[in-house]
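Notes follow once the structure below has been shown.
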Amino acid sequence: MGQSEDLERELSELLTEGEIRENEAKKRERLSPKYEVRIQTHIDPIVEETRKYRSMARELDDRYDEYMSKANQSEPSDRR
């Protein structure tokens, strides 16, 4: 196994077991991510799904109200 794979395995074990010690935190900082994915969309899937659910039923709590109000403010005016 390479050094990178060893560090990844140790990090995985530490995350499942508990605290990270200081010297192990420094090792983790040296570990770079293998890849990064960024996706830009024109619609917000959370907003669309929340609208669908709200059209079918009433929510018991208001957990998405703040998110929906922010989404409605930033929504483009040419939306159908």
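Chain labels A, B, ... are given in the sequence in which chains occur in the structure tokens; within each chain residues are numbered consecutively from 1, and ligands are likewise numbered from 1 in the order shown.
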Residues at most 12 Å from A:Glu5, counting only C-alpha atoms, excluding those fewer than 3 positions away in the same chain, as a tab-separated table (two decimals) with N, CA, C and O atoms, in the first residue's frame?
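Printed below is selection13.tsv as written:
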chain	number	residue	atom	x	y	z
A	1	MET	N	0.84	-1.19	0.00
A	1	MET	CA	0.00	0.00	0.00
A	1	MET	C	0.87	1.24	0.00
A	1	MET	O	1.92	1.27	0.63
A	2	GLY	N	0.40	2.28	-0.68
A	2	GLY	CA	1.13	3.53	-0.71
A	2	GLY	C	0.85	4.34	0.55
A	2	GLY	O	-0.06	4.04	1.34
A	8	GLU	N	-5.36	7.40	4.24
A	8	GLU	CA	-6.81	7.33	4.06
A	8	GLU	C	-7.42	6.27	4.98
A	8	GLU	O	-8.46	6.49	5.59
A	9	ARG	N	-6.77	5.11	5.08
A	9	ARG	CA	-7.28	4.03	5.94
A	9	ARG	C	-7.26	4.47	7.40
A	9	ARG	O	-8.24	4.28	8.11
A	10	GLU	N	-6.16	5.10	7.82
A	10	GLU	CA	-6.07	5.57	9.21
A	10	GLU	C	-7.13	6.62	9.50
A	10	GLU	O	-7.77	6.60	10.55
A	11	LEU	N	-7.34	7.54	8.56
A	11	LEU	CA	-8.36	8.57	8.73
A	11	LEU	C	-9.74	7.95	8.84
A	11	LEU	O	-10.54	8.33	9.71
A	12	SER	N	-10.01	6.98	8.01
A	12	SER	CA	-11.30	6.29	8.06
A	12	SER	C	-11.52	5.62	9.41
A	12	SER	O	-12.60	5.70	10.00
A	28	ARG	N	-3.56	14.29	8.11
A	28	ARG	CA	-4.80	14.40	7.36
A	28	ARG	C	-4.78	15.65	6.47
A	28	ARG	O	-5.30	15.62	5.36
A	31	LEU	N	-3.27	15.11	3.12
A	31	LEU	CA	-4.04	14.23	2.24
A	31	LEU	C	-4.95	15.07	1.35
A	31	LEU	O	-5.82	15.78	1.83
A	32	SER	N	-4.76	15.04	0.06
A	32	SER	CA	-5.57	15.84	-0.84
A	32	SER	C	-6.72	14.98	-1.38
A	32	SER	O	-6.60	13.77	-1.52
A	33	PRO	N	-7.84	15.62	-1.70
A	33	PRO	CA	-8.95	14.84	-2.26
A	33	PRO	C	-8.61	14.31	-3.65
A	33	PRO	O	-7.86	14.92	-4.39
A	34	LYS	N	-9.17	13.18	-3.97
A	34	LYS	CA	-8.88	12.56	-5.26
A	34	LYS	C	-9.56	13.31	-6.40
A	34	LYS	O	-9.04	13.42	-7.49
For this session: Can you check which residues of stretch 7-63 of chain A DSSP gives as helix (DSSP H, G or I) on the backbone and send them as a PyMOL selection string?
Result: chain A and resi 7-17+22-30+45-56
Shell around A:Met68 at 12 Å using only C-alpha atoms, local window under 2 positions removed, as a PDB file with N, CA and C atoms, in the first residue's frame:
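The resulting file, selection_21.pdb, is reproduced below:
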ATOM      1  N   ASP A  44     -33.414  24.618  -8.743  1.00  0.00           N
ATOM      2  CA  ASP A  44     -32.990  24.032  -7.472  1.00  0.00           C
ATOM      3  C   ASP A  44     -33.825  22.776  -7.228  1.00  0.00           C
ATOM      4  N   PRO A  45     -33.215  21.595  -7.222  1.00  0.00           N
ATOM      5  CA  PRO A  45     -33.985  20.356  -7.045  1.00  0.00           C
ATOM      6  C   PRO A  45     -34.702  20.290  -5.697  1.00  0.00           C
ATOM      7  N   ILE A  46     -34.148  20.904  -4.671  1.00  0.00           N
ATOM      8  CA  ILE A  46     -34.812  20.902  -3.361  1.00  0.00           C
ATOM      9  C   ILE A  46     -36.101  21.704  -3.424  1.00  0.00           C
ATOM     10  N   VAL A  47     -36.048  22.856  -4.084  1.00  0.00           N
ATOM     11  CA  VAL A  47     -37.247  23.690  -4.223  1.00  0.00           C
ATOM     12  C   VAL A  47     -38.307  22.965  -5.026  1.00  0.00           C
ATOM     13  N   GLU A  48     -37.915  22.365  -6.129  1.00  0.00           N
ATOM     14  CA  GLU A  48     -38.884  21.657  -6.970  1.00  0.00           C
ATOM     15  C   GLU A  48     -39.537  20.496  -6.226  1.00  0.00           C
ATOM     16  N   GLU A  49     -38.745  19.727  -5.507  1.00  0.00           N
ATOM     17  CA  GLU A  49     -39.286  18.593  -4.765  1.00  0.00           C
ATOM     18  C   GLU A  49     -40.188  19.057  -3.626  1.00  0.00           C
ATOM     19  N   THR A  50     -39.788  20.134  -2.941  1.00  0.00           N
ATOM     20  CA  THR A  50     -40.610  20.660  -1.851  1.00  0.00           C
ATOM     21  C   THR A  50     -41.946  21.149  -2.385  1.00  0.00           C
ATOM     22  N   ARG A  51     -41.937  21.809  -3.538  1.00  0.00           N
ATOM     23  CA  ARG A  51     -43.203  22.260  -4.144  1.00  0.00           C
ATOM     24  C   ARG A  51     -44.111  21.074  -4.468  1.00  0.00           C
ATOM     25  N   ARG A  54     -45.557  19.731  -1.223  1.00  0.00           N
ATOM     26  CA  ARG A  54     -46.541  20.665  -0.667  1.00  0.00           C
ATOM     27  C   ARG A  54     -47.834  20.657  -1.470  1.00  0.00           C
ATOM     28  N   ASP A  62     -42.428  23.464   9.884  1.00  0.00           N
ATOM     29  CA  ASP A  62     -42.090  24.480   8.885  1.00  0.00           C
ATOM     30  C   ASP A  62     -40.604  24.475   8.561  1.00  0.00           C
ATOM     31  N   ARG A  63     -40.021  23.304   8.469  1.00  0.00           N
ATOM     32  CA  ARG A  63     -38.563  23.223   8.333  1.00  0.00           C
ATOM     33  C   ARG A  63     -38.045  23.797   7.020  1.00  0.00           C
ATOM     34  N   TYR A  64     -38.835  23.810   5.958  1.00  0.00           N
ATOM     35  CA  TYR A  64     -38.357  24.310   4.674  1.00  0.00           C
ATOM     36  C   TYR A  64     -38.860  25.712   4.346  1.00  0.00           C
ATOM     37  N   ASP A  65     -39.632  26.325   5.228  1.00  0.00           N
ATOM     38  CA  ASP A  65     -40.180  27.649   4.941  1.00  0.00           C
ATOM     39  C   ASP A  65     -39.099  28.698   4.696  1.00  0.00           C
ATOM     40  N   GLU A  66     -38.090  28.740   5.542  1.00  0.00           N
ATOM     41  CA  GLU A  66     -37.028  29.737   5.383  1.00  0.00           C
ATOM     42  C   GLU A  66     -36.269  29.506   4.073  1.00  0.00           C
ATOM     43  N   LYS A  70     -36.137  32.109   0.746  1.00  0.00           N
ATOM     44  CA  LYS A  70     -34.883  32.549   0.117  1.00  0.00           C
ATOM     45  C   LYS A  70     -34.861  32.162  -1.358  1.00  0.00           C
ATOM     46  N   ALA A  71     -35.350  30.985  -1.678  1.00  0.00           N
ATOM     47  CA  ALA A  71     -35.362  30.517  -3.063  1.00  0.00           C
ATOM     48  C   ALA A  71     -36.315  31.357  -3.902  1.00  0.00           C
ATOM     49  N   ASN A  72     -37.443  31.753  -3.337  1.00  0.00           N
ATOM     50  CA  ASN A  72     -38.410  32.566  -4.068  1.00  0.00           C
ATOM     51  C   ASN A  72     -37.865  33.957  -4.349  1.00  0.00           C
ATOM     52  N   GLN A  73     -37.040  34.488  -3.445  1.00  0.00           N
ATOM     53  CA  GLN A  73     -36.438  35.816  -3.661  1.00  0.00           C
ATOM     54  C   GLN A  73     -35.414  35.783  -4.773  1.00  0.00           C
ATOM     55  N   SER A  74     -34.667  34.708  -4.877  1.00  0.00           N
ATOM     56  CA  SER A  74     -33.605  34.611  -5.880  1.00  0.00           C
ATOM     57  C   SER A  74     -34.090  33.992  -7.188  1.00  0.00           C
ATOM     58  N   GLU A  75     -35.367  33.689  -7.275  1.00  0.00           N
ATOM     59  CA  GLU A  75     -35.921  33.045  -8.458  1.00  0.00           C
ATOM     60  C   GLU A  75     -35.992  34.037  -9.626  1.00  0.00           C
TER      61      GLU A  75
END
Exercise. What is the atom CA of A:Leu14-atom CA of A:Glu36 distance in Å, reported with one decimal?
Worked result: 22.7 Å
Seminar exercise, completed: Between atom CA of A:Lys26 and atom CA of A:Ser4 lies a distance of 13.4 Å
